[in-house]
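Peer 1: This structure is in structure tokens; I'll ask about it shortly.
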Amino acid sequence: MTTDARTSGGRVISSHAVTAERTDLVPRPRAGLLPAGQPVLDVVVPVYNEENDLAPCVRRLHAHLRGAFPYPFRITVADNASTDTTLAIARALTEELPEVSVIHLEAKGRGRALRTAWGASAAPVLAYMDVDLSTDLAALLPLVAPLISGHSDLAIGTRLSRSSRVVRGPKREVISRCYNLLLRGTLAARFTDAQCGFKAIRADVATSLLPLVQDTGWFFDTEMLVIAERCGLRIHEVPVDWVDDPDSRVDVLATAMADLKGVARLARALGTGALPVAQLRHEFGRAPLTWTPSTGMGQPARFETTGPGTTTSGGGVAAGGAPGAAPGAAPGAGAPGTAAAGAAASGAVGNRATVIGVPAGLTGQLLRFAGVGIASTLAYLVLFVLLRTATGAQAANLIALLVTAVANTAANRRLTFGVTGRGDAGRHHLQGLFVFAIGLLLTSGSLAALHAASDSPGRFPEVSVLVLANLASTVVRFLLMRAWVFHPSRLRRPAGGASPSADGGPGRSGHGAHRL
């Protein structure tokens, strides 16, 4: 078949009309809800120079959907500026398989491809998967079922669940787990697997959510999920069976650097209130619920949520144009896109102290932690050099690291995380010693590797290797201290009901502090 979407001057034009009924999702589409022949699911497959894998993978996906998926579907190949014959093969597939379409982009970027393809689709449920089909396709229906029913807003496959079965090398396993640990420590993410190439989203949610997502590359997934989670949207997770593709063309180092930059940018936007999370939660109909008991005068007990444009009764949310909108609501009334447009146009909205779900004082904590870390590293290096004149490298490293680790934990407890008094001090220092053990493994392992490579490396190579190892252990230390040692769920509330300061600094008090 011919493509149903094309680009003109960088803008995607779709031949399908988007009707008001497209967000009225039910387990089985009924006549009148969707136009005849309109797909319920659109699976996007982003590709770049995949001339060898594209045809067999699309045919396999098509055969699975034809045989196991009970609703109309479409497969959209999103060609990301390929320079080989990928586009020609994709166009040939549209002639061979009637449910396949193709769009072509002149610029690379997985996020750009998904934004373009999803924006052009008329299907009420949108998904994407990697072209290598590393994920077992049996998980596709469980992935999209909660979206078709309207219960959940997004769905992701996870390779890090205990029931997932994964075949991949130790390098990718370590990188994946470290990246998700980083997200938990810096952005307080609660989803388990940000980068699995197996995700789905309701179209009405995508319309309101995607304008808030800035990234056009690999960080697109993470940014979308973090913002969705902060807005109170429901993210359904499906454990998957996953086999690593040995021919993957992903540049791990470049992707990791881009992801770190994305994490820093998103943390800054959340920390400063540039993303109006509280307003978005209300407009998505996900503001905190309150229970209103029955008045005994014909008024039943119900849940209610306060805020602009949202009411809740009997568990159903009515927010014009928002997920779960009541039938007959005026189109666009109180739509989440209003906040998205306002955020894009004006930047910070409202008082940051009222922003729900923002990691409290993350920027300030990072600055104070960096100051303590620099002082600790300098003290460590001075101690190591002095002790090295009287003892071996490993002994000097152990003593210097132990002394500075105790001082580092005490300083971060007081200065970075604003915890005072003797309560839990012993536990904090014991956990700090566990963190110290990780740093010892990194530094000792680095020294052992250096001495294995050279019998007499000299002081300068030793110090250089230790500086790099300490940088790595510093990142791990901050993540563990923020997400484990000094996590608010593990801190005792001071007497009198006061709580540590909202920015994590010493000597202040306020409500909602340590909302990580």
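Letters A, B, ... go to the chains of the structure tokens in the order shown; residues in each chain start at 1; ligands are counted from 1 in the same order.
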Extract, using only C-alpha atoms, all DNA, RNA and protein residues at most 7 Å from segment 36-46 of chain A, discarding same-chain residues fewer than 2 positions from it, and format them as a list in words.
Peer 2: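 Selected residues are Leu34, Tyr71, Pro72, Phe73, Arg74, Ile75, Thr76, Val77, Ala78, Asp79, Asn80, Arg110, Ala113, Ala117, Ala123, Pro124, Val125, Leu126, Ala127, Tyr128, Met129, Asp130 and Val131 of chain A.
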Peer 1: Find the residues near Thr222 of chain A: any atom within 9 Å, counting only C-alpha atoms, skip ones fewer than 2 places away on the same chain, and give them as a PyMOL selection string.
Peer 2: chain A and resi 183+194-195+218-220+224-227+259+262-263
Peer 1: For the residues selected in the previous step, produce a file with all heavy atoms as a short mmCIF file (atom, residue, chain, number, x, y, z; two decimals), in the first residue's frame.
Peer 2:
```cif
data_model
loop_
_atom_site.label_atom_id
_atom_site.label_comp_id
_atom_site.auth_asym_id
_atom_site.auth_seq_id
_atom_site.Cartn_x
_atom_site.Cartn_y
_atom_site.Cartn_z
N LEU A 183 19.06 7.29 37.45
CA LEU A 183 17.76 7.93 37.35
C LEU A 183 17.03 7.92 38.70
O LEU A 183 16.36 8.90 39.07
CB LEU A 183 16.89 7.23 36.31
CG LEU A 183 17.37 7.31 34.86
CD1 LEU A 183 16.40 6.56 33.95
CD2 LEU A 183 17.52 8.75 34.40
N ALA A 194 14.33 2.29 31.72
CA ALA A 194 14.03 3.46 30.89
C ALA A 194 14.33 3.22 29.41
O ALA A 194 13.69 3.82 28.54
CB ALA A 194 14.82 4.67 31.38
N GLN A 195 15.29 2.37 29.09
CA GLN A 195 15.80 2.32 27.73
C GLN A 195 15.42 1.08 26.95
O GLN A 195 15.91 0.88 25.84
CB GLN A 195 17.33 2.43 27.76
CG GLN A 195 17.85 3.82 28.16
CD GLN A 195 17.64 4.86 27.07
OE1 GLN A 195 16.61 4.87 26.41
NE2 GLN A 195 18.61 5.73 26.89
N TRP A 218 18.25 9.50 21.92
CA TRP A 218 18.03 8.32 22.75
C TRP A 218 17.44 8.67 24.11
O TRP A 218 16.80 7.82 24.74
CB TRP A 218 19.36 7.58 22.95
CG TRP A 218 19.89 6.97 21.70
CD1 TRP A 218 20.87 7.46 20.90
CD2 TRP A 218 19.46 5.76 21.09
NE1 TRP A 218 21.07 6.63 19.82
CE2 TRP A 218 20.22 5.57 19.91
CE3 TRP A 218 18.50 4.80 21.43
CZ2 TRP A 218 20.05 4.48 19.08
CZ3 TRP A 218 18.34 3.71 20.59
CH2 TRP A 218 19.11 3.55 19.43
N PHE A 219 17.63 9.90 24.59
CA PHE A 219 17.11 10.29 25.91
C PHE A 219 15.61 10.58 25.86
O PHE A 219 14.99 10.78 26.91
CB PHE A 219 17.87 11.53 26.41
CG PHE A 219 17.58 11.88 27.84
CD1 PHE A 219 17.98 11.06 28.88
CD2 PHE A 219 16.89 13.05 28.15
CE1 PHE A 219 17.69 11.39 30.20
CE2 PHE A 219 16.61 13.39 29.46
CZ PHE A 219 17.02 12.55 30.49
N PHE A 220 15.03 10.59 24.68
CA PHE A 220 13.60 10.87 24.50
C PHE A 220 12.75 9.98 25.41
O PHE A 220 11.83 10.45 26.08
CB PHE A 220 13.23 10.66 23.03
CG PHE A 220 11.77 10.80 22.71
CD1 PHE A 220 11.24 12.03 22.37
CD2 PHE A 220 10.92 9.69 22.74
CE1 PHE A 220 9.89 12.16 22.07
CE2 PHE A 220 9.57 9.81 22.44
CZ PHE A 220 9.06 11.05 22.11
N MET A 224 10.43 11.41 28.52
CA MET A 224 8.98 11.21 28.45
C MET A 224 8.47 10.48 29.69
O MET A 224 7.45 10.87 30.29
CB MET A 224 8.63 10.41 27.19
CG MET A 224 7.16 10.08 27.04
SD MET A 224 6.80 9.10 25.56
CE MET A 224 7.56 7.53 26.01
N LEU A 225 9.17 9.45 30.13
CA LEU A 225 8.72 8.67 31.28
C LEU A 225 8.82 9.47 32.58
O LEU A 225 7.93 9.39 33.43
CB LEU A 225 9.55 7.38 31.39
CG LEU A 225 9.32 6.33 30.31
CD1 LEU A 225 10.30 5.18 30.46
CD2 LEU A 225 7.89 5.81 30.35
N VAL A 226 9.91 10.22 32.75
CA VAL A 226 10.06 11.01 33.98
C VAL A 226 8.97 12.06 34.09
O VAL A 226 8.34 12.22 35.14
CB VAL A 226 11.46 11.66 34.03
CG1 VAL A 226 11.53 12.69 35.16
CG2 VAL A 226 12.54 10.62 34.21
N ILE A 227 8.72 12.78 32.99
CA ILE A 227 7.67 13.81 33.02
C ILE A 227 6.30 13.17 33.25
O ILE A 227 5.49 13.67 34.03
CB ILE A 227 7.68 14.62 31.72
CG1 ILE A 227 9.00 15.39 31.59
CG2 ILE A 227 6.51 15.60 31.69
CD1 ILE A 227 9.16 16.13 30.27
N ASP A 259 22.91 10.89 27.40
CA ASP A 259 21.95 10.63 28.48
C ASP A 259 22.31 11.41 29.74
O ASP A 259 21.42 11.94 30.42
CB ASP A 259 21.90 9.14 28.79
CG ASP A 259 21.15 8.35 27.72
OD1 ASP A 259 20.42 8.98 26.94
OD2 ASP A 259 21.30 7.13 27.68
N GLY A 262 21.24 14.88 29.29
CA GLY A 262 19.79 14.95 29.40
C GLY A 262 19.32 14.88 30.84
O GLY A 262 18.39 15.61 31.24
N VAL A 263 19.95 14.02 31.65
CA VAL A 263 19.60 13.92 33.07
C VAL A 263 19.84 15.25 33.76
O VAL A 263 19.00 15.74 34.53
CB VAL A 263 20.40 12.79 33.75
CG1 VAL A 263 20.25 12.88 35.27
CG2 VAL A 263 19.93 11.43 33.26
#
```
Peer 1: Quote the spacing between atom CA of Leu143 of chain A and atom CA of Leu105 of chain A in Å to one decimal place.
Peer 2: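 Taking atom CA of Leu143 of chain A and atom CA of Leu105 of chain A, their separation equals 27.2 Å.
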Peer 1: Do you know which residues are at most 8 Å from Leu233 of chain A counting only C-alpha atoms, after dropping those on the same chain fewer than 5 positions away, and could you put them as a ChimeraX atom specification?
Peer 2: /A:152-154,228,284,286
Peer 1: Tell me, as a list in words, which residues lie within 9 Å of segment 450-464 of chain A, counting only C-alpha atoms; anything in the same chain fewer than 6 positions away does not count.
Peer 2: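 Contacts, with the query itself left out: Leu381, Phe384, Val385 and Ala393 of chain A.
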Peer 1: What does the distance between atom CA of Val372 of chain A and atom CA of Gly426 of chain A come to in Å, to one decimal place?
Peer 2: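 Pair atom CA of Val372 of chain A / atom CA of Gly426 of chain A returns 20.1 Å.
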Peer 1: I'd like the neighbourhood of His62 of chain A as a VMD selection string, where a residue qualifies if any of its atoms comes within 12 Å (using only C-alpha atoms), though same-chain residues fewer than 2 positions away should be ignored.
Peer 2: chain A and resid 42 to 43 45 54 to 60 64 to 69 72 to 77 93 to 94 96 to 101 133 137
Peer 1: Include C-alpha atoms and write out the residues we just selected as a PDB file, in the first residue's frame.
Peer 2:
```
ATOM      1  CA  ASP A  42       0.132   1.726  15.378  1.00  0.00           C
ATOM      2  CA  VAL A  43       3.535   0.118  15.950  1.00  0.00           C
ATOM      3  CA  VAL A  45       9.731   0.837  13.959  1.00  0.00           C
ATOM      4  CA  LEU A  54      14.290  -4.511   7.995  1.00  0.00           C
ATOM      5  CA  ALA A  55      12.356  -6.836   5.664  1.00  0.00           C
ATOM      6  CA  PRO A  56      12.544 -10.078   7.711  1.00  0.00           C
ATOM      7  CA  CYS A  57      11.805  -8.266  10.973  1.00  0.00           C
ATOM      8  CA  VAL A  58       8.780  -6.386   9.592  1.00  0.00           C
ATOM      9  CA  ARG A  59       7.426  -9.579   8.030  1.00  0.00           C
ATOM     10  CA  ARG A  60       7.826 -11.390  11.350  1.00  0.00           C
ATOM     11  CA  HIS A  64       2.564 -12.046  14.669  1.00  0.00           C
ATOM     12  CA  LEU A  65       0.040  -9.198  14.667  1.00  0.00           C
ATOM     13  CA  ARG A  66      -2.074 -10.899  11.993  1.00  0.00           C
ATOM     14  CA  GLY A  67      -2.203 -14.131  13.979  1.00  0.00           C
ATOM     15  CA  ALA A  68      -2.226 -13.019  17.629  1.00  0.00           C
ATOM     16  CA  PHE A  69      -3.508  -9.432  17.846  1.00  0.00           C
ATOM     17  CA  PRO A  72      -6.884  -3.678  13.489  1.00  0.00           C
ATOM     18  CA  PHE A  73      -3.260  -2.546  13.415  1.00  0.00           C
ATOM     19  CA  ARG A  74      -0.687  -0.678  11.411  1.00  0.00           C
ATOM     20  CA  ILE A  75       3.101  -0.945  11.255  1.00  0.00           C
ATOM     21  CA  THR A  76       4.872   2.331  10.472  1.00  0.00           C
ATOM     22  CA  VAL A  77       8.513   2.208   9.408  1.00  0.00           C
ATOM     23  CA  LEU A  93       7.086  -3.622   2.054  1.00  0.00           C
ATOM     24  CA  THR A  94       4.136  -1.197   1.868  1.00  0.00           C
ATOM     25  CA  GLU A  96       3.644  -6.285  -0.167  1.00  0.00           C
ATOM     26  CA  LEU A  97       1.871  -5.897   3.202  1.00  0.00           C
ATOM     27  CA  PRO A  98      -1.311  -3.775   3.297  1.00  0.00           C
ATOM     28  CA  GLU A  99      -0.931  -2.814   6.999  1.00  0.00           C
ATOM     29  CA  VAL A 100       2.581  -1.371   6.550  1.00  0.00           C
ATOM     30  CA  SER A 101       3.298   2.309   5.887  1.00  0.00           C
ATOM     31  CA  LEU A 133      12.894  -7.441  17.655  1.00  0.00           C
ATOM     32  CA  LEU A 137       6.569 -10.419  20.659  1.00  0.00           C
TER      33      LEU A 137
END
```
Peer 1: Rank nothing, just name the residue among A:Arg427, A:Arg477, A:Arg234, A:Arg368 nearest to Leu415 of chain A, using only C-alpha atoms.
Peer 2: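 Smallest distance to Leu415 of chain A is found for A:Arg368.
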Peer 1: Just the residues within 6 Å of Val277 of chain A, please, counting only C-alpha atoms, with nothing from its chain fewer than 2 positions along; format it as a PyMOL selection string.
Peer 2: chain A and resi 231+275+279-280+355
Peer 1: Using only C-alpha atoms, which residues sit within 10 Å of Ala395 of chain A once same-chain residues fewer than 6 positions away are excluded, as an MDAnalysis selection string?
Peer 2: chainID A and resid 384 387:388 401 444
